[in-house]
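Structure below is upload-v2.txt: compact mmCIF, C-alpha atoms.
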# COMPACT_ATOMS: atom_id res chain seq x y z
CA MET A 973 0.00 0.00 0.00
CA ASN A 974 1.31 3.45 -0.89
CA ALA A 975 2.39 5.83 1.87
CA GLU A 976 0.10 8.54 0.54
CA PRO A 977 -3.63 7.78 0.75
CA ILE A 978 -5.49 7.60 -2.53
CA ILE A 979 -8.38 9.49 -0.88
CA HIS A 980 -7.92 12.05 1.89
CA LEU A 981 -10.86 13.75 3.59
CA GLU A 982 -9.92 16.47 6.06
CA SER A 983 -12.60 17.85 8.42
CA VAL A 984 -15.26 17.55 5.72
CA THR A 985 -18.65 19.06 6.46
CA LYS A 986 -21.66 19.07 4.14
CA ARG A 987 -24.77 21.05 4.99
CA TYR A 988 -28.01 21.34 3.06
CA GLY A 989 -29.56 24.64 4.06
CA ARG A 990 -29.54 25.49 7.76
CA ALA A 991 -31.37 22.45 9.05
CA VAL A 992 -29.53 19.42 7.65
CA THR A 993 -25.89 18.51 8.32
CA ALA A 994 -25.19 15.41 6.25
CA LEU A 995 -21.48 15.24 7.14
CA ASP A 996 -20.07 16.73 10.31
CA GLY A 997 -16.29 17.18 10.32
CA VAL A 998 -15.37 13.84 8.76
CA SER A 999 -11.66 13.01 8.42
CA LEU A 1000 -10.77 9.78 6.63
CA ASP A 1001 -7.85 8.32 4.67
CA ILE A 1002 -8.27 5.43 2.23
CA GLY A 1003 -5.16 3.70 0.98
CA ALA A 1004 -4.34 2.60 -2.55
CA GLY A 1005 -5.37 -1.00 -3.13
CA GLU A 1006 -7.86 -0.93 -0.26
CA PHE A 1007 -11.41 -2.27 -0.41
CA THR A 1008 -13.47 -0.14 1.98
CA ALA A 1009 -17.15 -0.58 2.85
CA ILE A 1010 -19.14 2.39 4.15
CA MET A 1011 -22.11 1.46 6.35
CA GLY A 1012 -24.61 3.20 8.56
CA PRO A 1013 -28.32 3.62 9.27
CA SER A 1014 -30.55 5.42 6.78
CA GLY A 1015 -29.67 9.11 6.77
CA SER A 1016 -26.24 8.53 8.31
CA GLY A 1017 -24.41 10.37 5.52
CA LYS A 1018 -22.83 7.40 3.77
CA SER A 1019 -24.08 8.30 0.27
CA THR A 1020 -23.14 11.94 0.80
CA LEU A 1021 -19.65 10.84 1.82
CA MET A 1022 -19.30 8.89 -1.42
CA HIS A 1023 -20.63 11.76 -3.53
CA VAL A 1024 -18.29 14.41 -2.11
CA ALA A 1025 -15.28 12.06 -2.22
CA ALA A 1026 -16.02 11.38 -5.89
CA GLY A 1027 -16.44 15.05 -6.75
CA LEU A 1028 -20.13 14.62 -7.55
CA ASP A 1029 -21.08 17.11 -4.85
CA SER A 1030 -19.27 20.01 -3.22
CA VAL A 1031 -18.37 20.35 0.46
CA THR A 1032 -19.43 23.15 2.78
CA ASP A 1033 -16.16 23.02 4.71
CA GLY A 1034 -13.02 20.90 4.67
CA ARG A 1035 -10.71 19.49 2.03
CA ILE A 1036 -10.67 16.43 -0.24
CA VAL A 1037 -7.69 15.03 -2.15
CA VAL A 1038 -8.19 12.21 -4.68
CA ASP A 1039 -5.22 10.47 -6.30
CA GLY A 1040 -2.95 13.41 -5.50
CA THR A 1041 -5.35 16.10 -6.75
CA ASP A 1042 -7.11 18.51 -4.39
CA ILE A 1043 -10.64 18.44 -5.79
CA THR A 1044 -12.18 20.80 -3.24
CA HIS A 1045 -12.24 23.84 -5.50
CA LEU A 1046 -11.81 22.35 -8.97
CA GLN A 1047 -13.85 23.80 -11.79
CA ASP A 1048 -16.54 21.64 -13.41
CA ARG A 1049 -14.44 20.91 -16.50
CA GLU A 1050 -11.48 19.76 -14.41
CA LEU A 1051 -13.71 17.62 -12.20
CA THR A 1052 -15.31 16.02 -15.24
CA GLU A 1053 -11.93 15.12 -16.69
CA LEU A 1054 -10.70 13.67 -13.39
CA ARG A 1055 -13.84 11.57 -12.96
CA ARG A 1056 -13.67 10.30 -16.54
CA ARG A 1057 -10.01 9.27 -16.37
CA ARG A 1058 -9.32 8.31 -12.77
CA ILE A 1059 -12.62 7.40 -11.13
CA GLY A 1060 -15.11 4.62 -11.85
CA PHE A 1061 -18.73 4.61 -10.67
CA VAL A 1062 -21.30 1.94 -10.00
CA PHE A 1063 -24.53 3.82 -9.31
CA GLN A 1064 -27.48 2.27 -7.51
CA SER A 1065 -29.69 3.44 -10.39
CA PHE A 1066 -27.15 2.04 -12.94
CA ASN A 1067 -27.08 5.28 -15.05
CA LEU A 1068 -26.78 3.40 -18.32
CA VAL A 1069 -27.42 5.31 -21.55
CA PRO A 1070 -30.70 3.93 -22.93
CA THR A 1071 -29.80 4.49 -26.59
CA LEU A 1072 -26.52 2.57 -26.35
CA ASP A 1073 -26.12 -1.20 -26.30
CA VAL A 1074 -24.16 -3.12 -23.68
CA ALA A 1075 -20.83 -2.96 -25.53
CA GLU A 1076 -21.18 0.80 -26.07
CA ASN A 1077 -22.20 1.45 -22.45
CA VAL A 1078 -19.16 -0.43 -21.16
CA ARG A 1079 -16.86 1.58 -23.46
CA LEU A 1080 -18.59 4.89 -22.67
CA PRO A 1081 -15.81 6.44 -20.48
CA ILE A 1082 -13.34 5.76 -23.31
CA ILE A 1083 -15.72 7.12 -25.96
CA LEU A 1084 -16.24 10.30 -23.93
CA ASP A 1085 -12.47 10.68 -23.76
CA GLY A 1086 -12.48 10.94 -27.55
CA ARG A 1087 -10.54 7.78 -28.33
CA ARG A 1088 -10.74 4.06 -29.03
CA PRO A 1089 -9.95 1.39 -26.42
CA SER A 1090 -6.32 0.39 -26.21
CA VAL A 1091 -5.46 -3.29 -26.67
CA GLU A 1092 -5.09 -3.63 -22.90
CA GLU A 1093 -8.43 -1.93 -22.25
CA GLN A 1094 -10.23 -4.12 -24.79
CA GLN A 1095 -8.72 -7.23 -23.22
CA ARG A 1096 -9.89 -6.07 -19.80
CA ILE A 1097 -13.37 -5.32 -21.18
CA ASP A 1098 -13.59 -8.74 -22.84
CA ALA A 1099 -12.52 -10.46 -19.61
CA LEU A 1100 -15.02 -8.49 -17.53
CA ILE A 1101 -17.87 -9.20 -19.93
CA ALA A 1102 -17.07 -12.91 -19.90
CA ARG A 1103 -16.78 -13.10 -16.12
CA LEU A 1104 -20.01 -11.16 -15.62
CA GLY A 1105 -21.91 -13.39 -18.03
CA LEU A 1106 -22.75 -10.62 -20.50
CA GLY A 1107 -21.26 -12.15 -23.64
CA ASP A 1108 -24.65 -12.91 -25.20
CA ARG A 1109 -26.06 -9.47 -24.35
CA LEU A 1110 -23.57 -7.17 -26.09
CA ARG A 1111 -26.07 -5.85 -28.66
CA HIS A 1112 -28.92 -5.47 -26.19
CA ARG A 1113 -29.99 -2.07 -24.90
CA PRO A 1114 -30.68 -1.43 -21.19
CA ASN A 1115 -34.47 -1.79 -21.55
CA GLU A 1116 -33.89 -5.33 -22.85
CA LEU A 1117 -31.95 -6.33 -19.73
CA SER A 1118 -32.98 -7.36 -16.24
CA GLY A 1119 -32.02 -5.21 -13.27
CA GLY A 1120 -29.23 -7.59 -12.38
CA GLN A 1121 -27.86 -7.54 -15.93
CA GLN A 1122 -27.92 -3.74 -15.96
CA GLN A 1123 -25.99 -3.71 -12.68
CA ARG A 1124 -23.35 -6.01 -14.17
CA VAL A 1125 -22.99 -3.70 -17.18
CA ALA A 1126 -22.48 -0.77 -14.80
CA ILE A 1127 -19.76 -2.70 -12.97
CA ALA A 1128 -17.97 -3.59 -16.21
CA ARG A 1129 -18.11 0.07 -17.29
CA ALA A 1130 -16.69 1.23 -13.94
CA LEU A 1131 -13.69 -1.08 -14.20
CA ALA A 1132 -13.06 -0.88 -17.95
CA THR A 1133 -10.44 1.88 -17.87
CA ARG A 1134 -8.70 0.65 -14.70
CA PRO A 1135 -9.43 3.84 -12.72
CA SER A 1136 -7.49 4.60 -9.55
CA VAL A 1137 -10.69 4.57 -7.49
CA VAL A 1138 -14.02 2.82 -7.96
CA PHE A 1139 -17.04 4.10 -6.03
CA ALA A 1140 -19.86 1.57 -5.79
CA ASP A 1141 -23.31 2.41 -4.40
CA GLU A 1142 -25.05 -0.82 -3.33
CA PRO A 1143 -23.35 -2.82 -6.13
CA THR A 1144 -25.01 -6.10 -5.12
CA GLY A 1145 -28.45 -4.67 -4.41
CA ALA A 1146 -30.09 -5.99 -7.59
CA LEU A 1147 -28.18 -9.26 -7.80
CA ASP A 1148 -28.83 -12.83 -6.72
CA THR A 1149 -26.50 -14.53 -4.25
CA ARG A 1150 -24.27 -16.21 -6.80
CA THR A 1151 -23.84 -13.11 -8.96
CA SER A 1152 -23.27 -10.98 -5.85
CA ARG A 1153 -20.42 -13.30 -4.90
CA ASP A 1154 -18.93 -12.99 -8.39
CA VAL A 1155 -19.19 -9.19 -8.36
CA LEU A 1156 -17.56 -8.92 -4.93
CA GLY A 1157 -14.81 -11.21 -6.18
CA ILE A 1158 -14.23 -8.91 -9.17
CA LEU A 1159 -14.04 -5.86 -6.90
CA ARG A 1160 -11.58 -7.63 -4.62
CA ASP A 1161 -9.49 -8.66 -7.64
CA ALA A 1162 -9.37 -5.01 -8.69
CA THR A 1163 -7.67 -4.15 -5.41
CA ARG A 1164 -5.44 -7.22 -5.25
CA SER A 1165 -4.17 -7.55 -8.81
CA GLU A 1166 -4.70 -4.04 -10.21
CA GLY A 1167 -3.94 -1.96 -7.11
CA GLN A 1168 -7.20 -0.06 -7.47
CA SER A 1169 -9.13 1.26 -4.48
CA VAL A 1170 -12.80 0.38 -4.05
CA VAL A 1171 -15.17 2.38 -1.86
CA MET A 1172 -18.50 0.58 -1.51
CA VAL A 1173 -21.63 1.94 0.16
CA THR A 1174 -23.77 -0.99 1.27
CA HIS A 1175 -26.39 -2.04 3.79
CA ASP A 1176 -25.59 -5.75 3.27
CA PRO A 1177 -23.36 -7.29 5.99
CA MET A 1178 -22.42 -10.15 3.65
CA ALA A 1179 -21.14 -7.69 1.06
CA ALA A 1180 -19.34 -5.59 3.67
CA ALA A 1181 -17.59 -8.67 5.03
CA ALA A 1182 -15.80 -9.00 1.68
CA ALA A 1183 -14.10 -5.63 2.25
CA ASP A 1184 -10.75 -5.08 3.94
CA ARG A 1185 -12.19 -2.38 6.15
CA ILE A 1186 -15.61 -1.18 7.27
CA VAL A 1187 -16.25 2.46 8.18
CA PHE A 1188 -19.46 3.00 10.16
CA LEU A 1189 -21.26 6.35 9.99
CA SER A 1190 -24.05 7.80 12.10
CA ASP A 1191 -25.44 11.33 12.11
CA GLY A 1192 -22.77 12.42 9.63
CA ARG A 1193 -19.85 11.29 11.80
CA ILE A 1194 -17.54 8.27 11.77
CA ARG A 1195 -18.52 6.07 14.70
CA ASP A 1196 -16.26 3.07 14.09
CA ASP A 1197 -13.53 1.95 11.71
CA ARG A 1198 -12.87 -1.81 11.77
CA THR A 1199 -11.09 -4.56 9.87
CA GLY A 1200 -11.55 -8.32 9.75
CA LEU A 1201 -15.22 -8.42 10.71
CA THR A 1202 -17.57 -11.28 9.87
CA ALA A 1203 -21.07 -10.68 8.51
CA SER A 1204 -22.52 -11.59 11.92
CA GLU A 1205 -20.28 -9.09 13.70
CA ILE A 1206 -21.19 -6.39 11.19
CA SER A 1207 -24.90 -7.14 11.71
CA GLU A 1208 -24.51 -6.77 15.47
CA ILE A 1209 -22.79 -3.39 15.11
CA MET A 1210 -25.46 -2.17 12.69
CA LEU A 1211 -28.28 -3.30 14.99
CA GLY A 1212 -26.66 -1.45 17.86
CA MET A 1213 -26.35 1.72 15.79
CA GLU A 1214 -29.90 1.55 14.52
CA SER A 1215 -31.29 1.03 18.03
CA VAL A 1216 -29.88 4.38 19.14
CA ALA A 1217 -30.51 6.24 15.86

Please, can you express the file's structure as structure tokens?
Amino acid sequence: MNAEPIIHLESVTKRYGRAVTALDGVSLDIGAGEFTAIMGPSGSGKSTLMHVAAGLDSVTDGRIVVDGTDITHLQDRELTELRRRRIGFVFQSFNLVPTLDVAENVRLPIILDGRRPSVEEQQRIDALIARLGLGDRLRHRPNELSGGQQQRVAIARALATRPSVVFADEPTGALDTRTSRDVLGILRDATRSEGQSVVMVTHDPMAAAAADRIVFLSDGRIRDDRTGLTASEISEIMLGMESVA
């Protein structure tokens, strides 16, 4: 793991108006090659944390550095370029382009960069498509796919360019048990063999147990930061947090 964190959040606060504080002075470092799960009760701030760390939302106070770049005050054009080239996303709502087929959706970050896939990128895409069982769906559009198939396309797209960081919002939420296991294995492989960092927001203790580290949020603050937990231990911590929420 590199000495410098791939993601650095320093006293990050996010307020919506005067009444809602979604993040309250959060400081967090995530190392390169680390698989981190973010958990917490509904309204804890976990999705907001992912959005500000990915540059999808601005902070009210504090500082965020991603892959050596301070993104806190970047202009929209610079943020867009950073997200396209160094960050991958797996959105809970998939965010596939309805007019593009599976192959085009997976290649979309490369297309938006104004180029064709390199040999290495195409090999990675082919391997991801095969492992995710999408080989017979390449010419299908999103409305011709099940929810689980759309989620797998989103995962392939997020990993296609080998970004430094992959943010995944409930990546197993629409998947059956077997496919969930395959997807978590792919995300773990990304950290182990590719040195990528994965930040996964999830409510599923089984999914979180696949991560190297689990960060627990409540009321916009980090309440616990643990490693090596089983799904049962994660469930117990979550039940305890929800009982006092």

**Item:** Counting all atoms listed in the file, the residue of A:His1112, A:Arg1058, A:Arg1153, A:His1045 that sits nearest Asp1085 of chain A
**Value:**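 Of all the options, A:Arg1058 lies closest to Asp1085 of chain A.
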
**All residues 12 Å or closer to Leu1189 of chain A, all atoms listed in the file, same chain fewer than 4 positions away omitted, as a ChimeraX atom specification** = /A:994-1000,1009-1022,1173-1175,1193-1198,1209-1210,1213-1214,1217

**Request:** With all atoms listed in the file counted, which protein, DNA or RNA residues have an atom no more than 6 Å from (-7.6, 8.3, 3.7) in the file frame? Please answer as an NGL selection string.
**Result:** :A and (977 or 979-980 or 1000-1003)

**Request:** Please indicate the distance in Å from atom CA of Val1062 of chain A to atom CA of Ala1025 of chain A, rounded to one decimal place.
**Result:**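 Going from atom CA of Val1062 of chain A over to atom CA of Ala1025 of chain A covers 14.1 Å.
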
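Across A:Asp1048, A:Glu1116, A:Asp1184, A:Asp1029, the tightest approach to Thr1163 of chain A is made by A:Asp1184 when counting only C-alpha atoms.
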
Using all atoms listed in the file, what table do you get, as a tab-separated table, when you list each residue of segment 1059-1079 of chain A with an atom no more than 7 Å from segment 1122-1145 of chain A, its nearest pair of atoms, and their distance in Å rounded to one decimal, rows by chain then rising number?
residue	atom	partner	partner_atom	distance
A:Ile1059	CA	A:Val1137	CA	5.0
A:Gly1060	CA	A:Ala1130	CA	4.3
A:Phe1061	CA	A:Phe1139	CA	5.0
A:Val1062	CA	A:Ala1140	CA	4.5
A:Phe1063	CA	A:Asp1141	CA	5.3
A:Gln1064	CA	A:Asp1141	CA	5.2
A:Phe1066	CA	A:Ala1126	CA	5.8
A:Leu1068	CA	A:Ala1126	CA	6.9
A:Val1074	CA	A:Val1125	CA	6.6
A:Asn1077	CA	A:Arg1129	CA	6.7
A:Val1078	CA	A:Arg1129	CA	4.0
A:Arg1079	CA	A:Arg1129	CA	6.5

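Residue nearest Gly1200 of chain A within the list A:Thr1008, A:Gln1168, A:Gln1094, A:Ser1215: A:Thr1008 [criterion: smallest interatomic distance, only C-alpha atoms].
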
**Request:** Can you work out which one of A:Asn1115, A:Ser1165, A:Asp1154, A:Leu1051 has the shortest atom-to-atom distance to Ala1102 of chain A, counting all atoms listed in the file?
**Result:**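 Looking only at the distances to Ala1102 of chain A, the closest residue turns out to be A:Asp1154.
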
**Request:** Select, from A:Glu1208, A:Glu1006, A:Ala1146, A:Arg1057, the residue with the minimum atom-to-atom distance to Ile1083 of chain A, counting all atoms listed in the file.
**Result:**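 Once distances to Ile1083 of chain A are computed over all atoms listed in the file, the minimum belongs to A:Arg1057.
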
**Message:** Calculated over only C-alpha atoms, which of the candidates A:Arg987, A:Phe1007, A:Gln1047, A:Glu982 has the smallest distance to Gly1167 of chain A?
**Reply:**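 Of all the options, A:Phe1007 lies closest to Gly1167 of chain A.
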
**Message:** Please report the interatomic distance between atom CA of Ala1179 of chain A and atom CA of Leu1100 of chain A in Å with one decimal.
**Reply:**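 That distance, rounded to one decimal, is 19.6 Å.
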
**Request:** Have a look at atom CA of Val1031 of chain A and atom CA of Lys986 of chain A and let me know their distance in Å, one decimal.
**Result:**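 According to the coordinates, atom CA of Val1031 of chain A and atom CA of Lys986 of chain A are separated by 5.1 Å.
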
Could I get segment 1138-1172 of chain A rebuilt with N, CA and C atoms, written as a PDB file, in the frame of the given file?
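File produced: out.pdb:
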ATOM      1  N   VAL A1138     -12.675   3.201  -7.535  1.00  0.00           N
ATOM      2  CA  VAL A1138     -14.020   2.820  -7.960  1.00  0.00           C
ATOM      3  C   VAL A1138     -14.963   3.059  -6.788  1.00  0.00           C
ATOM      4  N   PHE A1139     -15.996   3.869  -7.020  1.00  0.00           N
ATOM      5  CA  PHE A1139     -17.040   4.100  -6.030  1.00  0.00           C
ATOM      6  C   PHE A1139     -18.252   3.262  -6.431  1.00  0.00           C
ATOM      7  N   ALA A1140     -18.747   2.473  -5.497  1.00  0.00           N
ATOM      8  CA  ALA A1140     -19.860   1.570  -5.790  1.00  0.00           C
ATOM      9  C   ALA A1140     -20.972   1.776  -4.770  1.00  0.00           C
ATOM     10  N   ASP A1141     -22.148   2.166  -5.252  1.00  0.00           N
ATOM     11  CA  ASP A1141     -23.310   2.410  -4.400  1.00  0.00           C
ATOM     12  C   ASP A1141     -24.231   1.202  -4.465  1.00  0.00           C
ATOM     13  N   GLU A1142     -24.235   0.403  -3.401  1.00  0.00           N
ATOM     14  CA  GLU A1142     -25.050  -0.820  -3.330  1.00  0.00           C
ATOM     15  C   GLU A1142     -24.850  -1.692  -4.570  1.00  0.00           C
ATOM     16  N   PRO A1143     -23.608  -2.105  -4.871  1.00  0.00           N
ATOM     17  CA  PRO A1143     -23.350  -2.820  -6.130  1.00  0.00           C
ATOM     18  C   PRO A1143     -23.982  -4.206  -6.218  1.00  0.00           C
ATOM     19  N   THR A1144     -24.393  -4.776  -5.081  1.00  0.00           N
ATOM     20  CA  THR A1144     -25.010  -6.100  -5.120  1.00  0.00           C
ATOM     21  C   THR A1144     -26.507  -6.041  -4.860  1.00  0.00           C
ATOM     22  N   GLY A1145     -27.052  -4.833  -4.799  1.00  0.00           N
ATOM     23  CA  GLY A1145     -28.450  -4.670  -4.410  1.00  0.00           C
ATOM     24  C   GLY A1145     -29.443  -5.341  -5.331  1.00  0.00           C
ATOM     25  N   ALA A1146     -29.143  -5.424  -6.621  1.00  0.00           N
ATOM     26  CA  ALA A1146     -30.090  -5.990  -7.590  1.00  0.00           C
ATOM     27  C   ALA A1146     -29.689  -7.391  -8.042  1.00  0.00           C
ATOM     28  N   LEU A1147     -28.746  -8.004  -7.323  1.00  0.00           N
ATOM     29  CA  LEU A1147     -28.180  -9.260  -7.800  1.00  0.00           C
ATOM     30  C   LEU A1147     -28.571 -10.440  -6.914  1.00  0.00           C
ATOM     31  N   ASP A1148     -28.612 -11.628  -7.519  1.00  0.00           N
ATOM     32  CA  ASP A1148     -28.830 -12.830  -6.720  1.00  0.00           C
ATOM     33  C   ASP A1148     -27.535 -13.196  -5.996  1.00  0.00           C
ATOM     34  N   THR A1149     -27.627 -14.196  -5.122  1.00  0.00           N
ATOM     35  CA  THR A1149     -26.500 -14.530  -4.250  1.00  0.00           C
ATOM     36  C   THR A1149     -25.258 -14.922  -5.031  1.00  0.00           C
ATOM     37  N   ARG A1150     -25.436 -15.751  -6.044  1.00  0.00           N
ATOM     38  CA  ARG A1150     -24.270 -16.210  -6.800  1.00  0.00           C
ATOM     39  C   ARG A1150     -23.608 -15.058  -7.555  1.00  0.00           C
ATOM     40  N   THR A1151     -24.415 -14.220  -8.211  1.00  0.00           N
ATOM     41  CA  THR A1151     -23.840 -13.110  -8.960  1.00  0.00           C
ATOM     42  C   THR A1151     -23.223 -12.083  -8.007  1.00  0.00           C
ATOM     43  N   SER A1152     -23.848 -11.888  -6.847  1.00  0.00           N
ATOM     44  CA  SER A1152     -23.270 -10.980  -5.850  1.00  0.00           C
ATOM     45  C   SER A1152     -21.878 -11.443  -5.452  1.00  0.00           C
ATOM     46  N   ARG A1153     -21.721 -12.744  -5.265  1.00  0.00           N
ATOM     47  CA  ARG A1153     -20.420 -13.300  -4.900  1.00  0.00           C
ATOM     48  C   ARG A1153     -19.398 -13.064  -6.011  1.00  0.00           C
ATOM     49  N   ASP A1154     -19.830 -13.229  -7.259  1.00  0.00           N
ATOM     50  CA  ASP A1154     -18.930 -12.990  -8.390  1.00  0.00           C
ATOM     51  C   ASP A1154     -18.511 -11.526  -8.461  1.00  0.00           C
ATOM     52  N   VAL A1155     -19.480 -10.620  -8.280  1.00  0.00           N
ATOM     53  CA  VAL A1155     -19.190  -9.190  -8.360  1.00  0.00           C
ATOM     54  C   VAL A1155     -18.229  -8.772  -7.240  1.00  0.00           C
ATOM     55  N   LEU A1156     -18.466  -9.245  -6.034  1.00  0.00           N
ATOM     56  CA  LEU A1156     -17.560  -8.920  -4.930  1.00  0.00           C
ATOM     57  C   LEU A1156     -16.160  -9.477  -5.190  1.00  0.00           C
ATOM     58  N   GLY A1157     -16.105 -10.653  -5.822  1.00  0.00           N
ATOM     59  CA  GLY A1157     -14.810 -11.210  -6.180  1.00  0.00           C
ATOM     60  C   GLY A1157     -14.089 -10.347  -7.208  1.00  0.00           C
ATOM     61  N   ILE A1158     -14.819  -9.796  -8.164  1.00  0.00           N
ATOM     62  CA  ILE A1158     -14.230  -8.910  -9.170  1.00  0.00           C
ATOM     63  C   ILE A1158     -13.709  -7.629  -8.512  1.00  0.00           C
ATOM     64  N   LEU A1159     -14.484  -7.070  -7.595  1.00  0.00           N
ATOM     65  CA  LEU A1159     -14.040  -5.860  -6.900  1.00  0.00           C
ATOM     66  C   LEU A1159     -12.807  -6.132  -6.050  1.00  0.00           C
ATOM     67  N   ARG A1160     -12.774  -7.278  -5.403  1.00  0.00           N
ATOM     68  CA  ARG A1160     -11.580  -7.630  -4.620  1.00  0.00           C
ATOM     69  C   ARG A1160     -10.374  -7.832  -5.534  1.00  0.00           C
ATOM     70  N   ASP A1161     -10.586  -8.465  -6.687  1.00  0.00           N
ATOM     71  CA  ASP A1161      -9.490  -8.660  -7.640  1.00  0.00           C
ATOM     72  C   ASP A1161      -8.928  -7.320  -8.108  1.00  0.00           C
ATOM     73  N   ALA A1162      -9.819  -6.329  -8.248  1.00  0.00           N
ATOM     74  CA  ALA A1162      -9.370  -5.010  -8.690  1.00  0.00           C
ATOM     75  C   ALA A1162      -8.386  -4.408  -7.700  1.00  0.00           C
ATOM     76  N   THR A1163      -8.596  -4.672  -6.423  1.00  0.00           N
ATOM     77  CA  THR A1163      -7.670  -4.150  -5.410  1.00  0.00           C
ATOM     78  C   THR A1163      -6.414  -5.013  -5.323  1.00  0.00           C
ATOM     79  N   ARG A1164      -6.572  -6.320  -5.448  1.00  0.00           N
ATOM     80  CA  ARG A1164      -5.440  -7.220  -5.250  1.00  0.00           C
ATOM     81  C   ARG A1164      -4.481  -7.221  -6.449  1.00  0.00           C
ATOM     82  N   SER A1165      -5.040  -7.376  -7.641  1.00  0.00           N
ATOM     83  CA  SER A1165      -4.170  -7.550  -8.810  1.00  0.00           C
ATOM     84  C   SER A1165      -3.907  -6.248  -9.561  1.00  0.00           C
ATOM     85  N   GLU A1166      -4.838  -5.289  -9.458  1.00  0.00           N
ATOM     86  CA  GLU A1166      -4.700  -4.040 -10.210  1.00  0.00           C
ATOM     87  C   GLU A1166      -4.274  -2.872  -9.335  1.00  0.00           C
ATOM     88  N   GLY A1167      -4.320  -3.040  -8.013  1.00  0.00           N
ATOM     89  CA  GLY A1167      -3.940  -1.960  -7.110  1.00  0.00           C
ATOM     90  C   GLY A1167      -4.948  -0.831  -7.035  1.00  0.00           C
ATOM     91  N   GLN A1168      -6.158  -1.077  -7.530  1.00  0.00           N
ATOM     92  CA  GLN A1168      -7.200  -0.060  -7.470  1.00  0.00           C
ATOM     93  C   GLN A1168      -7.800   0.001  -6.066  1.00  0.00           C
ATOM     94  N   SER A1169      -8.418   1.124  -5.745  1.00  0.00           N
ATOM     95  CA  SER A1169      -9.130   1.260  -4.480  1.00  0.00           C
ATOM     96  C   SER A1169     -10.625   1.209  -4.758  1.00  0.00           C
ATOM     97  N   VAL A1170     -11.359   0.493  -3.922  1.00  0.00           N
ATOM     98  CA  VAL A1170     -12.800   0.380  -4.050  1.00  0.00           C
ATOM     99  C   VAL A1170     -13.454   0.922  -2.789  1.00  0.00           C
ATOM    100  N   VAL A1171     -14.383   1.845  -2.970  1.00  0.00           N
ATOM    101  CA  VAL A1171     -15.170   2.380  -1.860  1.00  0.00           C
ATOM    102  C   VAL A1171     -16.623   2.000  -2.142  1.00  0.00           C
ATOM    103  N   MET A1172     -17.177   1.161  -1.279  1.00  0.00           N
ATOM    104  CA  MET A1172     -18.500   0.580  -1.510  1.00  0.00           C
ATOM    105  C   MET A1172     -19.457   0.990  -0.398  1.00  0.00           C
TER     106      MET A1172
END
